[in-house]
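Trainee: Got a structure for you, written out below as structure tokens; questions coming shortly.
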Amino acid sequence: MMTTRFALLAALMLAVPATAAAPIEVAVTNVQQAKGRIHVDICTEKLFMGSDCVYSAEAPAVLGTTIVTVPNVPPGRYAAQVFHDVNSSGKLERGLFGIPKEPIGVSRDAPIHFGPPKWQDAFFDHGAETQRITLSLRSKFF
């Protein structure tokens, strides 16, 4: 009886198609220093502009453009948030009123003026194939 249930469960699991996850390659332009790391988060709307996005990766900063590949992102709607961790502290340094002290960027180069960017300006759709997006780092927000 137990063997029959196990066999049935295994057959059902094989019959359900798995959602294919694919990498997102983020080309981060306007990197002004070849020191520290470029950190990329791929976030759902609920987690956008937070510090706990599920998908993330980083790479050593390369002057000009740094490519960071975030592996195994399932199809869905996401936004990328990026910062140049110049001092390799593992976090975005902030100054007065929470204004970033290190360069940041957002997918679709969503505007950042007197507050965080809006989801509707930053989101993109990701499918089951490798995708490349490009965004630019910014240090001035006013």
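Just remember, in the structure tokens the first chain shown is A, the second B, etc., residues are 1-based per chain, and ligands are 1-based in the order shown.
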Near region 33-39 of chain A, within 10 Å and counting only C-alpha atoms, which residues show up once chain neighbours fewer than 6 positions away are dropped, as number ranges by chain?
Mentor: A: 56-68, 81-92, 103-104, 137
Trainee: Write out, as a CSV table (one decimal), in the first residue's frame, the residues just selected, with N, CA and C atoms.
Mentor:
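So again.csv came out as:
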chain,number,residue,atom,x,y,z
A,56,SER,N,20.3,37.5,-5.6
A,56,SER,CA,21.4,38.5,-5.6
A,56,SER,C,22.7,37.9,-6.0
A,57,ALA,N,23.6,38.7,-6.4
A,57,ALA,CA,25.0,38.3,-6.7
A,57,ALA,C,25.8,39.5,-6.7
A,58,GLU,N,27.1,39.3,-6.8
A,58,GLU,CA,28.0,40.5,-6.9
A,58,GLU,C,29.3,40.0,-7.6
A,59,ALA,N,30.0,41.0,-8.0
A,59,ALA,CA,31.3,40.8,-8.8
A,59,ALA,C,32.2,41.9,-8.5
A,60,PRO,N,33.5,41.7,-8.6
A,60,PRO,CA,34.5,42.8,-8.4
A,60,PRO,C,34.2,43.9,-9.4
A,61,ALA,N,34.3,45.2,-8.9
A,61,ALA,CA,34.1,46.3,-9.8
A,61,ALA,C,35.1,46.4,-10.8
A,62,VAL,N,34.7,46.7,-12.1
A,62,VAL,CA,35.5,46.9,-13.2
A,62,VAL,C,35.2,48.3,-13.8
A,63,LEU,N,36.2,49.1,-14.0
A,63,LEU,CA,36.0,50.4,-14.5
A,63,LEU,C,35.3,50.4,-15.8
A,64,GLY,N,34.3,51.3,-15.9
A,64,GLY,CA,33.4,51.3,-17.0
A,64,GLY,C,32.1,50.5,-16.9
A,65,THR,N,32.2,49.2,-17.2
A,65,THR,CA,31.0,48.3,-17.1
A,65,THR,C,31.4,47.1,-16.4
A,66,THR,N,30.6,46.7,-15.5
A,66,THR,CA,30.8,45.4,-14.7
A,66,THR,C,29.6,44.6,-15.0
A,67,ILE,N,29.8,43.3,-15.4
A,67,ILE,CA,28.7,42.4,-15.6
A,67,ILE,C,28.6,41.5,-14.4
A,68,VAL,N,27.3,41.5,-13.8
A,68,VAL,CA,27.0,40.6,-12.7
A,68,VAL,C,25.9,39.7,-13.1
A,81,GLN,N,18.0,46.3,-8.2
A,81,GLN,CA,18.6,47.4,-7.5
A,81,GLN,C,20.1,47.0,-7.3
A,82,VAL,N,20.9,48.0,-7.5
A,82,VAL,CA,22.3,47.8,-7.5
A,82,VAL,C,23.0,48.9,-6.7
A,83,PHE,N,24.1,48.5,-6.1
A,83,PHE,CA,25.0,49.5,-5.5
A,83,PHE,C,26.5,49.1,-5.6
A,84,HIS,N,27.3,50.1,-5.7
A,84,HIS,CA,28.8,49.9,-5.8
A,84,HIS,C,29.3,50.0,-4.3
A,85,ASP,N,29.6,48.8,-3.8
A,85,ASP,CA,30.1,48.7,-2.4
A,85,ASP,C,31.6,49.0,-2.5
A,86,VAL,N,31.9,50.3,-2.6
A,86,VAL,CA,33.3,50.8,-2.8
A,86,VAL,C,34.2,50.3,-1.7
A,87,ASN,N,33.7,50.4,-0.4
A,87,ASN,CA,34.6,50.0,0.7
A,87,ASN,C,34.5,48.5,1.1
A,88,SER,N,33.8,47.7,0.3
A,88,SER,CA,33.6,46.3,0.6
A,88,SER,C,33.0,46.0,2.0
A,89,SER,N,32.1,46.8,2.5
A,89,SER,CA,31.5,46.6,3.8
A,89,SER,C,30.4,45.6,3.8
A,90,GLY,N,29.9,45.3,2.6
A,90,GLY,CA,28.8,44.4,2.5
A,90,GLY,C,27.4,45.1,2.6
A,91,LYS,N,27.4,46.4,2.7
A,91,LYS,CA,26.1,47.1,2.8
A,91,LYS,C,26.3,48.5,2.2
A,92,LEU,N,25.1,49.0,1.8
A,92,LEU,CA,25.1,50.4,1.2
A,92,LEU,C,25.3,51.4,2.3
A,103,PRO,N,27.5,54.9,-5.0
A,103,PRO,CA,26.7,54.9,-6.2
A,103,PRO,C,25.6,53.8,-6.3
A,104,ILE,N,24.5,54.1,-6.8
A,104,ILE,CA,23.4,53.1,-6.9
A,104,ILE,C,22.8,53.2,-8.3
A,137,LEU,N,25.0,53.3,-13.0
A,137,LEU,CA,25.1,53.8,-11.6
A,137,LEU,C,25.0,55.3,-11.5
Trainee: Please return as number ranges by chain: the residues of chain A that backbone DSSP assigns to strand (DSSP E).
Mentor: A: 22-31, 37-43, 55-60, 64-73, 76-85, 104-106, 124-126, 131-136
Trainee: Return the single residue from A:Gln131, A:Asn30, A:Pro75, A:Pro116 that is closest to Gly98 (chain A), with distances computed using only C-alpha atoms.
Mentor: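 That would be A:Pro116, the residue with the smallest distance to Gly98 (chain A).
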Trainee: Quick one: residues within 12 Å of Asp41 (chain A), only C-alpha atoms counted, chain neighbours fewer than 6 positions away excluded, as a PyMOL selection string?
Mentor: chain A and resi 24-26+47-58+68-71+73+78-84+104-107
Trainee: Give me a file of those residues, with C-alpha atoms, as an mmCIF file, in the first residue's frame.
Mentor:
data_model
loop_
_atom_site.group_PDB
_atom_site.id
_atom_site.type_symbol
_atom_site.label_atom_id
_atom_site.label_comp_id
_atom_site.auth_asym_id
_atom_site.auth_seq_id
_atom_site.Cartn_x
_atom_site.Cartn_y
_atom_site.Cartn_z
ATOM 1 C CA ILE A 24 19.783 37.476 -15.384
ATOM 2 C CA GLU A 25 22.956 39.195 -16.547
ATOM 3 C CA VAL A 26 23.105 42.775 -15.307
ATOM 4 C CA LEU A 47 10.631 43.355 -1.612
ATOM 5 C CA PHE A 48 11.690 46.177 -3.960
ATOM 6 C CA MET A 49 13.977 48.748 -2.293
ATOM 7 C CA GLY A 50 14.419 46.481 0.726
ATOM 8 C CA SER A 51 17.475 44.620 1.870
ATOM 9 C CA ASP A 52 16.085 41.088 1.735
ATOM 10 C CA CYS A 53 15.559 40.320 -1.956
ATOM 11 C CA VAL A 54 15.773 36.600 -2.660
ATOM 12 C CA TYR A 55 18.000 36.718 -5.749
ATOM 13 C CA SER A 56 21.366 38.476 -5.590
ATOM 14 C CA ALA A 57 24.955 38.303 -6.750
ATOM 15 C CA GLU A 58 28.044 40.463 -6.879
ATOM 16 C CA VAL A 68 27.017 40.619 -12.660
ATOM 17 C CA THR A 69 25.155 37.355 -13.270
ATOM 18 C CA VAL A 70 22.317 36.450 -10.923
ATOM 19 C CA PRO A 71 21.694 32.703 -11.366
ATOM 20 C CA VAL A 73 15.803 33.371 -11.316
ATOM 21 C CA TYR A 78 11.186 41.843 -11.079
ATOM 22 C CA ALA A 79 13.221 45.005 -10.601
ATOM 23 C CA ALA A 80 16.978 45.202 -10.145
ATOM 24 C CA GLN A 81 18.586 47.364 -7.485
ATOM 25 C CA VAL A 82 22.346 47.805 -7.521
ATOM 26 C CA PHE A 83 25.003 49.501 -5.466
ATOM 27 C CA HIS A 84 28.759 49.892 -5.761
ATOM 28 C CA ILE A 104 23.389 53.120 -6.877
ATOM 29 C CA GLY A 105 21.335 52.067 -9.885
ATOM 30 C CA VAL A 106 17.919 50.641 -10.692
ATOM 31 C CA SER A 107 16.605 48.672 -13.655
#
Trainee: According to DSSP computed on the backbone, where in region 12-142 of chain A is there helix (DSSP H, G or I)? Give the residues as an mmCIF file with N, CA and C atoms, in the first residue's frame.
Mentor:
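Produced file selection39.cif, reproduced below:
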data_model
loop_
_atom_site.group_PDB
_atom_site.id
_atom_site.type_symbol
_atom_site.label_atom_id
_atom_site.label_comp_id
_atom_site.auth_asym_id
_atom_site.auth_seq_id
_atom_site.Cartn_x
_atom_site.Cartn_y
_atom_site.Cartn_z
ATOM 1 N N LEU A 12 3.117 11.694 -10.128
ATOM 2 C CA LEU A 12 2.510 13.024 -10.160
ATOM 3 C C LEU A 12 3.572 14.123 -10.183
ATOM 4 N N MET A 13 4.627 13.949 -9.411
ATOM 5 C CA MET A 13 5.687 14.956 -9.374
ATOM 6 C C MET A 13 6.375 15.066 -10.724
ATOM 7 N N LEU A 14 6.545 13.948 -11.426
ATOM 8 C CA LEU A 14 7.172 13.977 -12.738
ATOM 9 C C LEU A 14 6.250 14.580 -13.788
ATOM 10 N N ALA A 15 4.948 14.469 -13.587
ATOM 11 C CA ALA A 15 3.979 14.978 -14.545
ATOM 12 C C ALA A 15 3.833 16.497 -14.468
ATOM 13 N N LEU A 96 23.156 61.526 5.647
ATOM 14 C CA LEU A 96 22.041 62.292 6.211
ATOM 15 C C LEU A 96 20.734 61.975 5.484
ATOM 16 N N PHE A 97 19.684 61.745 6.215
ATOM 17 C CA PHE A 97 18.347 61.434 5.694
ATOM 18 C C PHE A 97 18.313 60.139 4.872
ATOM 19 N N GLY A 98 19.293 59.263 5.067
ATOM 20 C CA GLY A 98 19.316 57.990 4.364
ATOM 21 C C GLY A 98 19.784 58.068 2.924
ATOM 22 N N SER A 107 16.975 49.108 -12.314
ATOM 23 C CA SER A 107 16.605 48.672 -13.655
ATOM 24 C C SER A 107 15.773 49.731 -14.369
ATOM 25 N N ARG A 108 15.919 49.721 -15.688
ATOM 26 C CA ARG A 108 15.283 50.689 -16.587
ATOM 27 C C ARG A 108 15.708 52.120 -16.240
ATOM 28 N N ASP A 109 16.805 52.256 -15.492
ATOM 29 C CA ASP A 109 17.298 53.568 -15.056
ATOM 30 C C ASP A 109 16.162 54.433 -14.515
ATOM 31 N N TRP A 119 8.317 51.371 -8.310
ATOM 32 C CA TRP A 119 8.270 50.042 -8.917
ATOM 33 C C TRP A 119 7.872 50.120 -10.387
ATOM 34 N N GLN A 120 6.823 50.880 -10.687
ATOM 35 C CA GLN A 120 6.312 50.909 -12.055
ATOM 36 C C GLN A 120 7.321 51.486 -13.054
ATOM 37 N N ASP A 121 8.321 52.213 -12.567
ATOM 38 C CA ASP A 121 9.363 52.738 -13.441
ATOM 39 C C ASP A 121 10.538 51.777 -13.590
ATOM 40 N N ALA A 122 10.606 50.752 -12.739
ATOM 41 C CA ALA A 122 11.790 49.895 -12.683
ATOM 42 C C ALA A 122 11.547 48.445 -13.092
#
Trainee: What gap, in Å, lies between CA of Gln32 (chain A) and CA of Arg138 (chain A)?
Mentor: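 We find that CA of Gln32 (chain A) and CA of Arg138 (chain A) lie 9.9 Å from each other.
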Trainee: Report as a compact mmCIF listing (two decimals) with all heavy atoms, in the first residue's frame all protein, DNA and RNA residues lying within 8 Å of Glu93 (chain A), evaluated on only C-alpha atoms, omitting residues in the same chain fewer than 6 positions from it.
Mentor:
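What ended up in around.txt:
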# COMPACT_ATOMS: atom_id res chain seq x y z
N PRO A 100 22.07 57.70 -0.12
CA PRO A 100 23.23 56.82 -0.35
C PRO A 100 24.53 57.61 -0.52
O PRO A 100 24.57 58.63 -1.21
CB PRO A 100 22.86 56.11 -1.65
CG PRO A 100 21.38 56.17 -1.73
CD PRO A 100 21.01 57.49 -1.10
N LYS A 101 25.58 57.10 0.11
CA LYS A 101 26.92 57.68 -0.03
C LYS A 101 27.72 56.96 -1.11
O LYS A 101 28.77 57.42 -1.51
CB LYS A 101 27.67 57.60 1.30
CG LYS A 101 27.09 58.47 2.39
CD LYS A 101 27.75 58.15 3.70
CE LYS A 101 28.64 59.28 4.13
NZ LYS A 101 29.23 59.03 5.48
N GLU A 102 27.21 55.80 -1.56
CA GLU A 102 27.86 55.03 -2.61
C GLU A 102 26.94 55.04 -3.83
O GLU A 102 25.71 55.18 -3.69
CB GLU A 102 28.11 53.60 -2.13
CG GLU A 102 29.10 53.53 -0.98
CD GLU A 102 29.28 52.15 -0.40
OE1 GLU A 102 28.27 51.53 -0.01
OE2 GLU A 102 30.44 51.70 -0.34
Trainee: State, in Å with one decimal place, the distance from CA of Ser139 (chain A) to CA of Gly115 (chain A).
Mentor: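 Interatomic distance here is 13.6 Å.
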Trainee: A:Gly95, A:Pro111, A:Gly76, A:Pro23: which is nearest Gly127 (chain A), counting only C-alpha atoms?
Mentor: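 Closest residue, counting only C-alpha atoms: A:Gly76.
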Trainee: Find the residues near Ala21 (chain A): any atom within 6 Å, counting only C-alpha atoms, skip ones fewer than 3 places away on the same chain, and give them as a list in words.
Mentor: Asn72, Val73, Pro74 and Ala128 of chain A
Trainee: Have a look at CA of Ser136 (chain A) and CA of Val40 (chain A) and let me know their distance in Å, one decimal.
Mentor: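 Interatomic distance here is 12.2 Å.
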